[in-house]
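K.L.:
Here it is, the structure, as structure tokens.
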Amino acid sequence: MAGRQRQRQSRRRAAGRVLLPALLLGLCCRAAPERVRYAIPEELGRGSLVGPLARDLGLSPADLPARQLRLSAEKQYFGVSGETGNLYVSERLDREEMCGEAASCSVSFEALVQNPLNVFHVEVAILDINDNAPAFLRDSFQLEINELTSPGTRFYLGTADDADVGSNSLQGYELETNGYFAVEAKESQDGSKFAELVLRRALDREREQSLRLVLTALDGGEPPRSGTAQLCINVTDANDNPPVFAQDRYRASLREDAPPGSVVLNVSASDADAGTNACITYGFGETPAKVLQKFVVDAESGTITLQEALDFEDTRAFSLAVEARDGGGLVAHCEVEVEVLDVNDNAPEVTLTSVSSPVPEDAPVGTVVALVKVRDRDSGENGQVSCELSGEAPLSIVASSGGSYKVVTASALDREQAPEHRVAVVARDRGSPALSSRAALVLEVSDVNDNAPVFEEAAYSAYVAENNAAGAPVLRVRARDADAGANGRVSYWLAGGSAGAAPYVSVEARSGAVYAQRSFDYEQCREFAVAVRAQDGGAPARSSTATVRVFVLDRNDNAPRVLWPAAGAGAGAGAGAGAGAGAGAAPFEVVPRSAEAGYLVAKVVAVDADAGRNAWLSYELVQAPEPALFRVGLHSGEVRTARAVSERDAAKQRLVAVVKDHGQPALSATATLHVVLAESLQEALPELSERAAGADSPAELQFYLVLALALLSALFLLSVALAVLARVRRAGPPAVLRCLGAQRFSVAGAAFPADFCEGTLPYSYNLCVAPGRAVAEGAWLPPPLPSLAAEELLGAEPCGKRSPTSSAGAGEPPADAEAPQVCKPARSLPLSLS
């Protein structure tokens with residue numbers, strides 16, 4: 001009997017509870033308005049087929065692997081086959097344990113599919129089977145009935161408990177056949193059926209002092225089940241007035257937060273008897289143990305007091321059976337109904353059933369990123385919940401079905417501005433005071449290649465001094481990409497530029513460093529531009545370009561170059577002078593002796609390939625036979641007479657001017673100018689002839705040097721021999737020495753070289769030439785006099801000395817240094833040098 005009582009208590013604790021809909025799972029879904037319903041009996045074995053769920057959802061077996069059909073529920077009573085999509089039983093289904101005394105019982109859950117994500121509501125009704133027999137709370141009932149009790153008197157026996165419902169529940173009672181009593185089933189207001197013992201015939205204690213009868217409770221199942229209890233009836237002496245309650249049913253309400261010790265109500269009963277038969281004591285009748293734990297009744301006063309805290313969410317009402325017993329054993333019964341009033345003592349429960357994180361930043365507006373389940377155990381307004389998001393984020397929350405909410409994107413996401421969003425889902429009920437709870441939601445935003453690399457500067461400028469080493473760094477370009485990972489990894493390369501600029505530089509792919517490919521020359525290229533492209537590693541890749549302009553800075557690496565007078569006599573120089581005799585001649589200028597101070601003799605023309613200060617040229621006269629006779633313009637290069645020419649001035653003047661730039665360090669070049677002081681070209685010809693006759697080639701000088709060394713050696717040997725002879729004879733100098741001492745060597749006078757006079761454009765000059773030496777046999781034919789080559793005239797040097805700028809051209813015969821001077825008059829030739 002104790003086991004049945006515990007079973008009845010556990011079932012009653014489960015009464016009134018209905019499983020909530022299962023939690024929604026998924027990434028992006030739209031709740032379906034219809035439900036898929038099945039009905040199965042309870043206690044089906046594990047693995048029993050419930051129904052073809054996939055087919056009822058419109059899914060074919062071929063779609064199942066991709067759609068990933070799965071279930072969501074607080075407790076997995078069912079499972080779904082991944083191959084067939086059929087719904088099977090996975091847990092024991094006990095309707096009484098699941099739904100208690102509820103008339104209907106069902107399990108609701110959600111079926112989720114992917115690609116696209118969707119949610120379907122499934123409801124499985126659990127049908128009752130007759131698996132529970134009726135059971136009394138006690139195995140036996142003790143009754144004391146006075147022998148004077150009138151027939152028709154009824155005695156309350158209590159209720160048998162049957163966990164089944166409907167036709168399988170308790171239907172009635174039967175009593176063992178006897179001559180005094182019968183049993184009748186009565187239905188209370190809550191629908192339960194209790195048994196009443198009815199006295200059919202007057203008792204006689206003298207004949208039967210006690211009776212033992214079997215009371216049976218029957219249900220309506222197929223086959224029917226039953227439960228029994230023993231009735232022990234003692235027949236007592238007369239106590240003809242039983243206690244009477246003031247009212248048959250008492251009602252009271254009590255807040256669930258009422259503290260233990262609170263008075264529920266007071267029941268009272270009266271008895272018309274006197275003495276001990278009128279002494280009434282109160283107590284609970286047939287009452288479940290759960291109720292006895294909550295309440296206590298005072299035996300003398302009838303005050304019912306709360307002794308344990310109430311919980312509206314557990315039990316919303318209590319029914320108490322209170323009895324009043326007098327001293328004679330007569331008992332009266334009443335029912336006390338206690339209603340528990342709900343108090344807003346439960347905060348809403350927030351559960352994040354699914355979070356789709358990370359979310360790509362290009363997700364469209366309205367994308368579902370999280371599913372939220374909210375439940376409040378309170379009732380009425382205390383259980384009505386609203387949800388909102390707390391925090392700054394481009395998210396919003398919308399209500400779904402069954403207490404579910406969806407968190408969706410309210411605007412476009414941008415990972416570069418916010419890589420993650422932290423919000424709180426706040427659920428608040430409508431109680432007073434309102435209770436709330438929150439759950440943190442962290443949504444990460446994954447990167448999409450939506451940003452192209454951006455250079456720090458749209459155009460870069462670099463300044464590199466020329467003559468740099470190949471491989472020298474020029475500058476570093478840098479582009480930043482706001483994306484992450486491979487989408488933000490930037491590489492560089494050249495993407496074109498000005499014509500011919502690509503071979504000058506290269507760019508390192510990873511660092512963006514630009515290096516010189518070769519040495520720069522300012523004189524060849526002063527600036528160039530290249531386009532550098534920065535590209536990220538996304539798919540598809542994004543890129544941007546920047547212009548790198550490189551300016552080559554000048555260095556003083558070019559010495560001035562003298563254009564006039566030319567450094568070496570050549571055909572061009574001779575042609576510019578208007579006359580010539582050979583490649584070794586040098587240009588000259590003729591200055592009349594009547595020239596006054598400031599007379600323009602010539603102009604030194606020089607250029608410098610450098611730029612800026614490195615190309616600023618200044619002129620200075622560094623060598624002249626008569627330093628006071630000539631001067632040169634510091635910046636113009638014009639050679640003028642500093643004073644009037646006098647008769648004392650030498651007819652041949654060799655002027656050396658230095659041309660210097662302003663670089664650091666300064667570079668210079670020299671120009672040699674030959675000037676002849678004569679009134680006309682015919683007057684200058686003798687001077688020029690002397691110079692031509694005295695022109696020696698390097699080969700002739702080497703020959704003469706060897707010859708002189710041989711003569712000196714022979715003379716030394718001869719002197720030694722004569723000294724020996726002198727010692728022997730002591731007769732004075734030998735005849736040989738006297739002969740040698742009297743001998744005179746006739747050496748031709750030094751040829752006076754033709755003066756070199758370099759003219760500057762666009763001046764005209766008079767040219768006088770001197771006769772030249774015959775060339776070697778078979779090499780050159782001497783020109784007829786007085787027609788002489790201008791090159792031979794330009795190759796001469798005054799006073800028989802060779803000038804560094806007057807060497808003979810390649811392949812020309814050397815002039816004989818010992819040849820006599822020839823001076824022929826020649827007509828004056830106007831020469832224009834260009």
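Naming scheme: A, B, ... for chains in displayed order of the structure tokens; residues 1 onward per chain; ligands 1 onward as shown.
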Using only C-alpha atoms, determine which residues lie at most 12 Å from Arg561 of chain A, disregarding the query and same-chain residues fewer than 2 positions distant; provide the list as a PyMOL selection string.
P.N.:
chain A and resi 558-559+563-567+604-610+615+617+658-661+667-671
K.L.:
Output the selection as a PDB file, in the first residue's frame - C-alpha atoms for each residue.
P.N.:
```
ATOM      1  CA  ASN A 558      81.338  66.021 -66.046  1.00  0.00           C
ATOM      2  CA  ALA A 559      84.242  68.359 -66.638  1.00  0.00           C
ATOM      3  CA  LEU A 563      84.165  73.329 -78.150  1.00  0.00           C
ATOM      4  CA  TRP A 564      86.461  76.088 -79.440  1.00  0.00           C
ATOM      5  CA  PRO A 565      89.358  76.022 -79.773  1.00  0.00           C
ATOM      6  CA  ALA A 566      89.253  72.290 -80.288  1.00  0.00           C
ATOM      7  CA  ALA A 567      91.464  70.228 -77.992  1.00  0.00           C
ATOM      8  CA  VAL A 604      86.531  80.247 -75.837  1.00  0.00           C
ATOM      9  CA  VAL A 605      83.372  78.200 -76.202  1.00  0.00           C
ATOM     10  CA  ALA A 606      82.794  75.456 -73.616  1.00  0.00           C
ATOM     11  CA  VAL A 607      79.852  73.464 -72.380  1.00  0.00           C
ATOM     12  CA  ASP A 608      79.196  71.358 -69.258  1.00  0.00           C
ATOM     13  CA  ALA A 609      76.802  68.387 -69.372  1.00  0.00           C
ATOM     14  CA  ASP A 610      75.916  68.926 -65.725  1.00  0.00           C
ATOM     15  CA  ALA A 615      77.257  73.795 -65.125  1.00  0.00           C
ATOM     16  CA  LEU A 617      81.388  78.063 -66.076  1.00  0.00           C
ATOM     17  CA  VAL A 658      91.238  77.210 -67.959  1.00  0.00           C
ATOM     18  CA  VAL A 659      87.472  76.644 -67.916  1.00  0.00           C
ATOM     19  CA  LYS A 660      86.168  75.744 -64.455  1.00  0.00           C
ATOM     20  CA  ASP A 661      82.690  74.841 -63.230  1.00  0.00           C
ATOM     21  CA  LEU A 667      86.206  70.293 -62.488  1.00  0.00           C
ATOM     22  CA  SER A 668      88.078  72.123 -65.195  1.00  0.00           C
ATOM     23  CA  ALA A 669      89.427  71.908 -68.721  1.00  0.00           C
ATOM     24  CA  THR A 670      92.047  73.913 -70.582  1.00  0.00           C
ATOM     25  CA  ALA A 671      91.977  75.536 -73.977  1.00  0.00           C
TER      26      ALA A 671
END
```
K.L.:
Which residues of segment 122-214 of chain A come within 10 Å of segment 44-67 of chain A, and for each one, what is the closest pair of atoms and their distance in Å to one decimal, counting only C-alpha atoms, sorted by chain and residue number, as a tab-separated table?
P.N.:
```
residue	atom	partner	partner_atom	distance
A:Val122	CA	A:Leu53	CA	8.9
A:Val124	CA	A:Val50	CA	8.4
A:Ile126	CA	A:Leu44	CA	10.0
```
K.L.:
Restricting it to C-alpha atoms, dump the selection as a short mmCIF file (atom, residue, chain, number, x, y, z; two decimals), in the first residue's frame.
P.N.:
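Written out: again-v1.cif:
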```cif
data_model
loop_
_atom_site.label_atom_id
_atom_site.label_comp_id
_atom_site.auth_asym_id
_atom_site.auth_seq_id
_atom_site.Cartn_x
_atom_site.Cartn_y
_atom_site.Cartn_z
CA VAL A 122 5.89 18.50 -35.03
CA VAL A 124 3.04 13.72 -31.36
CA ILE A 126 0.51 10.19 -26.71
#
```
K.L.:
Output as a ChimeraX atom specification all residues of segment 375-605 of chain A that backbone DSSP marks as helix (DSSP H, G or I).
P.N.:
/A:380-383,485-488,502-504,571-577
K.L.:
Can those selected residues be exported to a file as a short mmCIF file (atom, residue, chain, number, x, y, z; two decimals), in the first residue's frame so that it contains C-alpha atoms?
P.N.:
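Generated file (result-v9.cif):
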```cif
data_model
loop_
_atom_site.label_atom_id
_atom_site.label_comp_id
_atom_site.auth_asym_id
_atom_site.auth_seq_id
_atom_site.Cartn_x
_atom_site.Cartn_y
_atom_site.Cartn_z
CA GLY A 380 -0.96 35.70 -16.63
CA GLU A 381 0.76 39.00 -17.08
CA ASN A 382 3.60 37.71 -14.93
CA GLY A 383 4.36 35.19 -17.64
CA GLY A 485 44.21 37.45 -43.47
CA ALA A 486 44.93 36.78 -47.11
CA ASN A 487 42.48 39.51 -48.08
CA GLY A 488 44.73 42.04 -46.35
CA ALA A 502 60.83 50.09 -66.21
CA PRO A 503 64.51 48.99 -66.57
CA TYR A 504 65.63 51.65 -64.12
CA ALA A 571 89.57 67.83 -90.05
CA GLY A 572 86.71 69.55 -88.40
CA ALA A 573 88.94 72.13 -86.81
CA GLY A 574 90.78 72.69 -90.01
CA ALA A 575 87.61 73.06 -91.94
CA GLY A 576 86.30 75.47 -89.39
CA ALA A 577 89.43 77.56 -89.76
#
```
K.L.:
Could you pull out the strand (DSSP E or B) residues of segment 86-196 of chain A from DSSP and send them as a ChimeraX atom specification?
P.N.:
/A:87-89,106-113,118-127,135-136,140-146,154-161,170-175,181-187,193-196
K.L.:
State, in Å with one decimal place, the distance from atom CA of Pro453 of chain A to atom CA of Ser544 of chain A.
P.N.:
6.0 Å
K.L.:
Residues at most 10 Å from segment 352-360 of chain A, counting only C-alpha atoms, excluding those fewer than 5 positions away in the same chain, as a short mmCIF file (atom, residue, chain, number, x, y, z; two decimals) with N, CA, C and O atoms, in the first residue's frame?
P.N.:
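Done, and the output landed in part.cif:
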```
data_model
loop_
_atom_site.label_atom_id
_atom_site.label_comp_id
_atom_site.auth_asym_id
_atom_site.auth_seq_id
_atom_site.Cartn_x
_atom_site.Cartn_y
_atom_site.Cartn_z
N ALA A 22 10.07 22.23 -28.27
CA ALA A 22 11.54 22.06 -28.26
C ALA A 22 12.21 23.33 -28.74
O ALA A 22 11.60 24.19 -29.34
N LEU A 23 13.49 23.36 -28.40
CA LEU A 23 14.27 24.56 -28.75
C LEU A 23 14.50 24.61 -30.26
O LEU A 23 14.73 23.58 -30.88
N LEU A 24 14.44 25.84 -30.76
CA LEU A 24 14.72 26.01 -32.20
C LEU A 24 16.21 26.06 -32.41
O LEU A 24 16.92 26.71 -31.66
N LEU A 25 16.69 25.31 -33.41
CA LEU A 25 18.12 25.38 -33.78
C LEU A 25 18.18 25.71 -35.25
O LEU A 25 17.33 25.30 -36.01
N GLY A 26 19.27 26.35 -35.65
CA GLY A 26 19.48 26.62 -37.06
C GLY A 26 20.16 27.94 -37.26
O GLY A 26 20.26 28.74 -36.35
N LEU A 27 20.58 28.16 -38.44
CA LEU A 27 21.32 29.38 -38.74
C LEU A 27 20.42 30.45 -39.34
O LEU A 27 20.54 31.60 -39.06
N CYS A 28 19.57 30.06 -40.23
CA CYS A 28 18.71 31.03 -40.89
C CYS A 28 17.42 30.33 -41.25
O CYS A 28 17.42 29.41 -42.06
N SER A 72 14.93 18.93 -32.47
CA SER A 72 15.33 19.74 -31.32
C SER A 72 14.23 19.62 -30.27
O SER A 72 13.05 19.82 -30.56
N THR A 367 19.39 38.80 -42.42
CA THR A 367 19.94 37.46 -42.20
C THR A 367 19.79 37.06 -40.74
O THR A 367 20.12 37.82 -39.83
N VAL A 368 19.28 35.86 -40.51
CA VAL A 368 19.11 35.37 -39.15
C VAL A 368 20.47 34.93 -38.62
O VAL A 368 21.15 34.10 -39.22
N VAL A 369 20.89 35.50 -37.50
CA VAL A 369 22.20 35.18 -36.92
C VAL A 369 22.07 34.43 -35.61
O VAL A 369 23.06 33.84 -35.15
N ALA A 370 20.90 34.43 -35.00
CA ALA A 370 20.73 33.70 -33.73
C ALA A 370 19.26 33.42 -33.52
O ALA A 370 18.38 34.17 -33.96
N LEU A 371 19.00 32.29 -32.82
CA LEU A 371 17.66 31.92 -32.40
C LEU A 371 17.62 31.92 -30.88
O LEU A 371 18.51 31.39 -30.23
N VAL A 372 16.59 32.53 -30.35
CA VAL A 372 16.47 32.72 -28.90
C VAL A 372 15.16 32.09 -28.43
O VAL A 372 14.11 32.27 -29.08
N LYS A 373 15.23 31.36 -27.34
CA LYS A 373 14.05 30.77 -26.72
C LYS A 373 13.84 31.44 -25.36
O LYS A 373 14.78 31.52 -24.55
N VAL A 374 12.63 31.91 -25.10
CA VAL A 374 12.31 32.61 -23.85
C VAL A 374 11.14 31.90 -23.18
O VAL A 374 10.15 31.55 -23.84
N SER A 404 9.63 31.92 -29.31
CA SER A 404 10.95 32.00 -29.92
C SER A 404 11.13 33.37 -30.57
O SER A 404 10.16 34.01 -30.99
N TYR A 405 12.38 33.77 -30.64
CA TYR A 405 12.74 35.03 -31.27
C TYR A 405 13.91 34.80 -32.20
O TYR A 405 14.72 33.89 -31.99
N LYS A 406 13.99 35.64 -33.24
CA LYS A 406 15.09 35.58 -34.18
C LYS A 406 15.86 36.90 -34.12
O LYS A 406 15.25 37.97 -34.14
N VAL A 407 17.17 36.79 -34.03
CA VAL A 407 18.04 37.97 -34.09
C VAL A 407 18.52 38.07 -35.53
O VAL A 407 19.15 37.13 -36.06
N THR A 409 20.05 40.72 -38.86
CA THR A 409 20.84 41.92 -39.16
C THR A 409 19.89 43.02 -39.59
O THR A 409 19.02 42.84 -40.44
N LEU A 413 26.78 44.93 -42.43
CA LEU A 413 27.89 44.73 -41.51
C LEU A 413 29.18 45.20 -42.16
O LEU A 413 29.33 45.16 -43.39
N ASP A 414 30.10 45.64 -41.33
CA ASP A 414 31.41 46.07 -41.82
C ASP A 414 32.46 45.61 -40.82
O ASP A 414 32.56 46.15 -39.73
N ARG A 415 33.20 44.56 -41.18
CA ARG A 415 34.20 44.02 -40.26
C ARG A 415 35.30 45.03 -39.96
O ARG A 415 35.87 45.03 -38.85
N PRO A 419 34.81 44.37 -35.82
CA PRO A 419 35.02 42.94 -36.10
C PRO A 419 34.10 42.03 -35.32
O PRO A 419 33.94 40.87 -35.67
N GLU A 420 33.48 42.53 -34.27
CA GLU A 420 32.52 41.73 -33.53
C GLU A 420 31.51 42.65 -32.87
O GLU A 420 31.78 43.85 -32.66
N VAL A 425 20.65 40.02 -24.96
CA VAL A 425 19.23 39.76 -25.21
C VAL A 425 18.52 39.88 -23.86
O VAL A 425 18.77 39.09 -22.94
N ALA A 439 20.91 37.50 -21.64
CA ALA A 439 21.93 36.55 -22.11
C ALA A 439 22.83 37.29 -23.09
O ALA A 439 22.35 38.03 -23.96
N ALA A 440 24.13 37.11 -22.92
CA ALA A 440 25.10 37.80 -23.78
C ALA A 440 25.18 37.10 -25.13
O ALA A 440 25.24 35.87 -25.20
N LEU A 441 25.19 37.91 -26.16
CA LEU A 441 25.33 37.40 -27.53
C LEU A 441 26.55 38.07 -28.15
O LEU A 441 26.60 39.31 -28.25
N VAL A 442 27.53 37.27 -28.52
CA VAL A 442 28.73 37.76 -29.18
C VAL A 442 28.71 37.26 -30.62
O VAL A 442 28.70 36.05 -30.86
N LEU A 443 28.68 38.20 -31.54
CA LEU A 443 28.62 37.87 -32.96
C LEU A 443 29.89 38.36 -33.64
O LEU A 443 30.16 39.56 -33.66
N GLU A 444 30.65 37.42 -34.13
CA GLU A 444 31.86 37.77 -34.87
C GLU A 444 31.53 37.95 -36.34
O GLU A 444 30.69 37.24 -36.90
N VAL A 445 32.21 38.92 -36.95
CA VAL A 445 32.01 39.23 -38.37
C VAL A 445 33.24 38.74 -39.12
O VAL A 445 34.36 39.14 -38.81
N SER A 446 33.02 37.84 -40.06
CA SER A 446 34.14 37.32 -40.85
C SER A 446 34.42 38.25 -42.02
O SER A 446 33.55 38.97 -42.51
N ASP A 447 35.66 38.21 -42.45
CA ASP A 447 36.13 39.16 -43.45
C ASP A 447 35.74 38.72 -44.86
O ASP A 447 35.72 37.54 -45.19
N VAL A 448 35.41 39.72 -45.66
CA VAL A 448 35.19 39.55 -47.10
C VAL A 448 36.08 40.55 -47.80
O VAL A 448 36.28 41.67 -47.31
#
```
K.L.:
So that I can see what lies close to Ala299 of chain A, please list as an mmCIF file with all heavy atoms, in the first residue's frame the residues with an atom at most 9 Å from it, counting only C-alpha atoms and leaving out residues fewer than 6 positions away in the same chain.
P.N.:
```
data_model
loop_
_atom_site.group_PDB
_atom_site.id
_atom_site.type_symbol
_atom_site.label_atom_id
_atom_site.label_comp_id
_atom_site.auth_asym_id
_atom_site.auth_seq_id
_atom_site.Cartn_x
_atom_site.Cartn_y
_atom_site.Cartn_z
ATOM 1 N N ILE A 280 -15.388 17.587 20.067
ATOM 2 C CA ILE A 280 -15.004 17.444 18.647
ATOM 3 C C ILE A 280 -13.502 17.685 18.488
ATOM 4 O O ILE A 280 -12.943 18.626 19.040
ATOM 5 C CB ILE A 280 -15.785 18.443 17.765
ATOM 6 C CG1 ILE A 280 -17.309 18.170 17.892
ATOM 7 C CG2 ILE A 280 -15.329 18.354 16.312
ATOM 8 C CD1 ILE A 280 -18.160 19.182 17.158
ATOM 9 N N THR A 281 -12.921 16.808 17.770
ATOM 10 C CA THR A 281 -11.502 16.987 17.369
ATOM 11 C C THR A 281 -11.436 17.007 15.843
ATOM 12 O O THR A 281 -12.209 16.343 15.153
ATOM 13 C CB THR A 281 -10.638 15.841 17.903
ATOM 14 O OG1 THR A 281 -11.133 14.595 17.411
ATOM 15 C CG2 THR A 281 -10.633 15.825 19.422
ATOM 16 N N TYR A 282 -10.483 17.845 15.342
ATOM 17 C CA TYR A 282 -10.343 18.042 13.894
ATOM 18 C C TYR A 282 -9.078 17.362 13.389
ATOM 19 O O TYR A 282 -8.068 17.247 14.088
ATOM 20 C CB TYR A 282 -10.287 19.543 13.545
ATOM 21 C CG TYR A 282 -11.504 20.310 13.984
ATOM 22 C CD1 TYR A 282 -11.563 20.949 15.227
ATOM 23 C CD2 TYR A 282 -12.597 20.403 13.130
ATOM 24 C CE1 TYR A 282 -12.687 21.659 15.610
ATOM 25 C CE2 TYR A 282 -13.723 21.109 13.526
ATOM 26 C CZ TYR A 282 -13.745 21.740 14.743
ATOM 27 O OH TYR A 282 -14.873 22.434 15.126
ATOM 28 N N GLY A 283 -9.176 16.954 12.188
ATOM 29 C CA GLY A 283 -8.009 16.349 11.526
ATOM 30 C C GLY A 283 -8.265 16.207 10.041
ATOM 31 O O GLY A 283 -9.372 16.462 9.543
ATOM 32 N N ALA A 324 -14.312 16.131 11.301
ATOM 33 C CA ALA A 324 -14.557 16.471 12.721
ATOM 34 C C ALA A 324 -15.150 15.215 13.390
ATOM 35 O O ALA A 324 -16.157 14.664 12.933
ATOM 36 C CB ALA A 324 -15.516 17.641 12.832
#
```
K.L.:
I'd like the neighbourhood of segment 213-216 of chain A as a ChimeraX atom specification, where a residue qualifies if any of its atoms comes within 7 Å (using only C-alpha atoms), though same-chain residues fewer than 4 positions away should be ignored.
P.N.:
/A:173-176,226-232
K.L.:
Have a look at A:Phe455, A:Phe136, A:Phe181, A:Tyr250 and name the one nearest to Ala163 of chain A; count only C-alpha atoms.
P.N.:
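Residue with the minimum atom-to-atom distance to Ala163 of chain A: A:Phe136.
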K.L.:
I need the residue nearest Asp450 of chain A from this list: A:Asp161, A:Asp536, A:Asp271, A:Glu206. Use only C-alpha atoms for the distance.
P.N.:
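Between A:Asp161, A:Asp536, A:Asp271, A:Glu206, the residue approaching Asp450 of chain A most closely is A:Asp536.
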K.L.:
Restrict the calculation to only C-alpha atoms, then for each residue of segment 490-547 of chain A with any atom at most 10 Å from an atom of segment 458-465 of chain A give the closest atom pair and their distance in Å to one decimal, rows by chain and rising residue number, as a tab-separated table.
P.N.:
```
residue	atom	partner	partner_atom	distance
A:Val514	CA	A:Ala462	CA	10.0
A:Ala516	CA	A:Val464	CA	9.4
A:Ser519	CA	A:Ala465	CA	9.5
A:Phe520	CA	A:Ala465	CA	7.8
A:Asp521	CA	A:Ala465	CA	8.7
A:Tyr522	CA	A:Ala465	CA	8.2
A:Glu527	CA	A:Tyr463	CA	9.2
A:Ala529	CA	A:Ser461	CA	9.1
A:Val530	CA	A:Tyr460	CA	9.9
A:Ala531	CA	A:Ala459	CA	9.2
A:Val532	CA	A:Ala459	CA	9.9
A:Ser544	CA	A:Ala458	CA	9.7
A:Thr545	CA	A:Ala458	CA	8.0
A:Ala546	CA	A:Ala458	CA	5.3
A:Thr547	CA	A:Ala459	CA	4.7
```
K.L.:
Write the residues of the selection above to a file with N, CA, C and O atoms, as a PDB file, in the first residue's frame.
P.N.:
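As written to disk, again-v2.pdb reads:
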```pdb
ATOM      1  N   VAL A 514      61.506  50.001 -53.335  1.00  0.00           N
ATOM      2  CA  VAL A 514      61.874  50.246 -54.726  1.00  0.00           C
ATOM      3  C   VAL A 514      63.389  50.386 -54.780  1.00  0.00           C
ATOM      4  O   VAL A 514      63.977  51.196 -54.039  1.00  0.00           O
ATOM      5  N   ALA A 516      67.032  50.641 -57.239  1.00  0.00           N
ATOM      6  CA  ALA A 516      67.579  51.029 -58.528  1.00  0.00           C
ATOM      7  C   ALA A 516      68.159  49.799 -59.205  1.00  0.00           C
ATOM      8  O   ALA A 516      68.921  49.045 -58.610  1.00  0.00           O
ATOM      9  N   SER A 519      72.870  52.203 -62.377  1.00  0.00           N
ATOM     10  CA  SER A 519      73.314  53.544 -62.006  1.00  0.00           C
ATOM     11  C   SER A 519      72.602  54.571 -62.880  1.00  0.00           C
ATOM     12  O   SER A 519      72.475  54.404 -64.094  1.00  0.00           O
ATOM     13  N   PHE A 520      72.137  55.657 -62.257  1.00  0.00           N
ATOM     14  CA  PHE A 520      71.440  56.705 -62.980  1.00  0.00           C
ATOM     15  C   PHE A 520      72.439  57.721 -63.511  1.00  0.00           C
ATOM     16  O   PHE A 520      73.496  57.960 -62.905  1.00  0.00           O
ATOM     17  N   ASP A 521      72.100  58.289 -64.632  1.00  0.00           N
ATOM     18  CA  ASP A 521      72.920  59.333 -65.236  1.00  0.00           C
ATOM     19  C   ASP A 521      72.024  60.531 -65.487  1.00  0.00           C
ATOM     20  O   ASP A 521      71.104  60.480 -66.306  1.00  0.00           O
ATOM     21  N   TYR A 522      72.294  61.585 -64.763  1.00  0.00           N
ATOM     22  CA  TYR A 522      71.468  62.785 -64.870  1.00  0.00           C
ATOM     23  C   TYR A 522      71.471  63.338 -66.283  1.00  0.00           C
ATOM     24  O   TYR A 522      70.467  63.865 -66.758  1.00  0.00           O
ATOM     25  N   GLU A 527      64.511  62.587 -64.956  1.00  0.00           N
ATOM     26  CA  GLU A 527      63.400  62.112 -64.131  1.00  0.00           C
ATOM     27  C   GLU A 527      62.613  61.073 -64.910  1.00  0.00           C
ATOM     28  O   GLU A 527      62.640  61.061 -66.150  1.00  0.00           O
ATOM     29  N   ALA A 529      58.975  58.234 -64.283  1.00  0.00           N
ATOM     30  CA  ALA A 529      57.851  57.837 -63.422  1.00  0.00           C
ATOM     31  C   ALA A 529      57.491  56.388 -63.709  1.00  0.00           C
ATOM     32  O   ALA A 529      57.545  55.935 -64.853  1.00  0.00           O
ATOM     33  N   VAL A 530      57.166  55.676 -62.663  1.00  0.00           N
ATOM     34  CA  VAL A 530      56.692  54.302 -62.777  1.00  0.00           C
ATOM     35  C   VAL A 530      55.405  54.171 -61.969  1.00  0.00           C
ATOM     36  O   VAL A 530      55.180  54.926 -61.019  1.00  0.00           O
ATOM     37  N   ALA A 531      54.586  53.244 -62.395  1.00  0.00           N
ATOM     38  CA  ALA A 531      53.339  52.948 -61.666  1.00  0.00           C
ATOM     39  C   ALA A 531      53.544  51.665 -60.874  1.00  0.00           C
ATOM     40  O   ALA A 531      53.941  50.639 -61.423  1.00  0.00           O
ATOM     41  N   VAL A 532      53.291  51.737 -59.569  1.00  0.00           N
ATOM     42  CA  VAL A 532      53.411  50.577 -58.689  1.00  0.00           C
ATOM     43  C   VAL A 532      52.006  50.121 -58.328  1.00  0.00           C
ATOM     44  O   VAL A 532      51.182  50.922 -57.888  1.00  0.00           O
ATOM     45  N   SER A 544      45.236  48.552 -56.411  1.00  0.00           N
ATOM     46  CA  SER A 544      45.274  49.986 -56.652  1.00  0.00           C
ATOM     47  C   SER A 544      46.692  50.337 -57.073  1.00  0.00           C
ATOM     48  O   SER A 544      47.629  49.562 -56.844  1.00  0.00           O
ATOM     49  N   THR A 545      46.831  51.467 -57.698  1.00  0.00           N
ATOM     50  CA  THR A 545      48.139  51.878 -58.198  1.00  0.00           C
ATOM     51  C   THR A 545      48.505  53.240 -57.642  1.00  0.00           C
ATOM     52  O   THR A 545      47.637  54.044 -57.294  1.00  0.00           O
ATOM     53  N   ALA A 546      49.802  53.462 -57.571  1.00  0.00           N
ATOM     54  CA  ALA A 546      50.344  54.754 -57.163  1.00  0.00           C
ATOM     55  C   ALA A 546      51.502  55.080 -58.104  1.00  0.00           C
ATOM     56  O   ALA A 546      52.188  54.186 -58.608  1.00  0.00           O
ATOM     57  N   THR A 547      51.689  56.353 -58.339  1.00  0.00           N
ATOM     58  CA  THR A 547      52.757  56.811 -59.226  1.00  0.00           C
ATOM     59  C   THR A 547      53.984  57.159 -58.400  1.00  0.00           C
ATOM     60  O   THR A 547      53.887  57.889 -57.409  1.00  0.00           O
TER      61      THR A 547
END
```
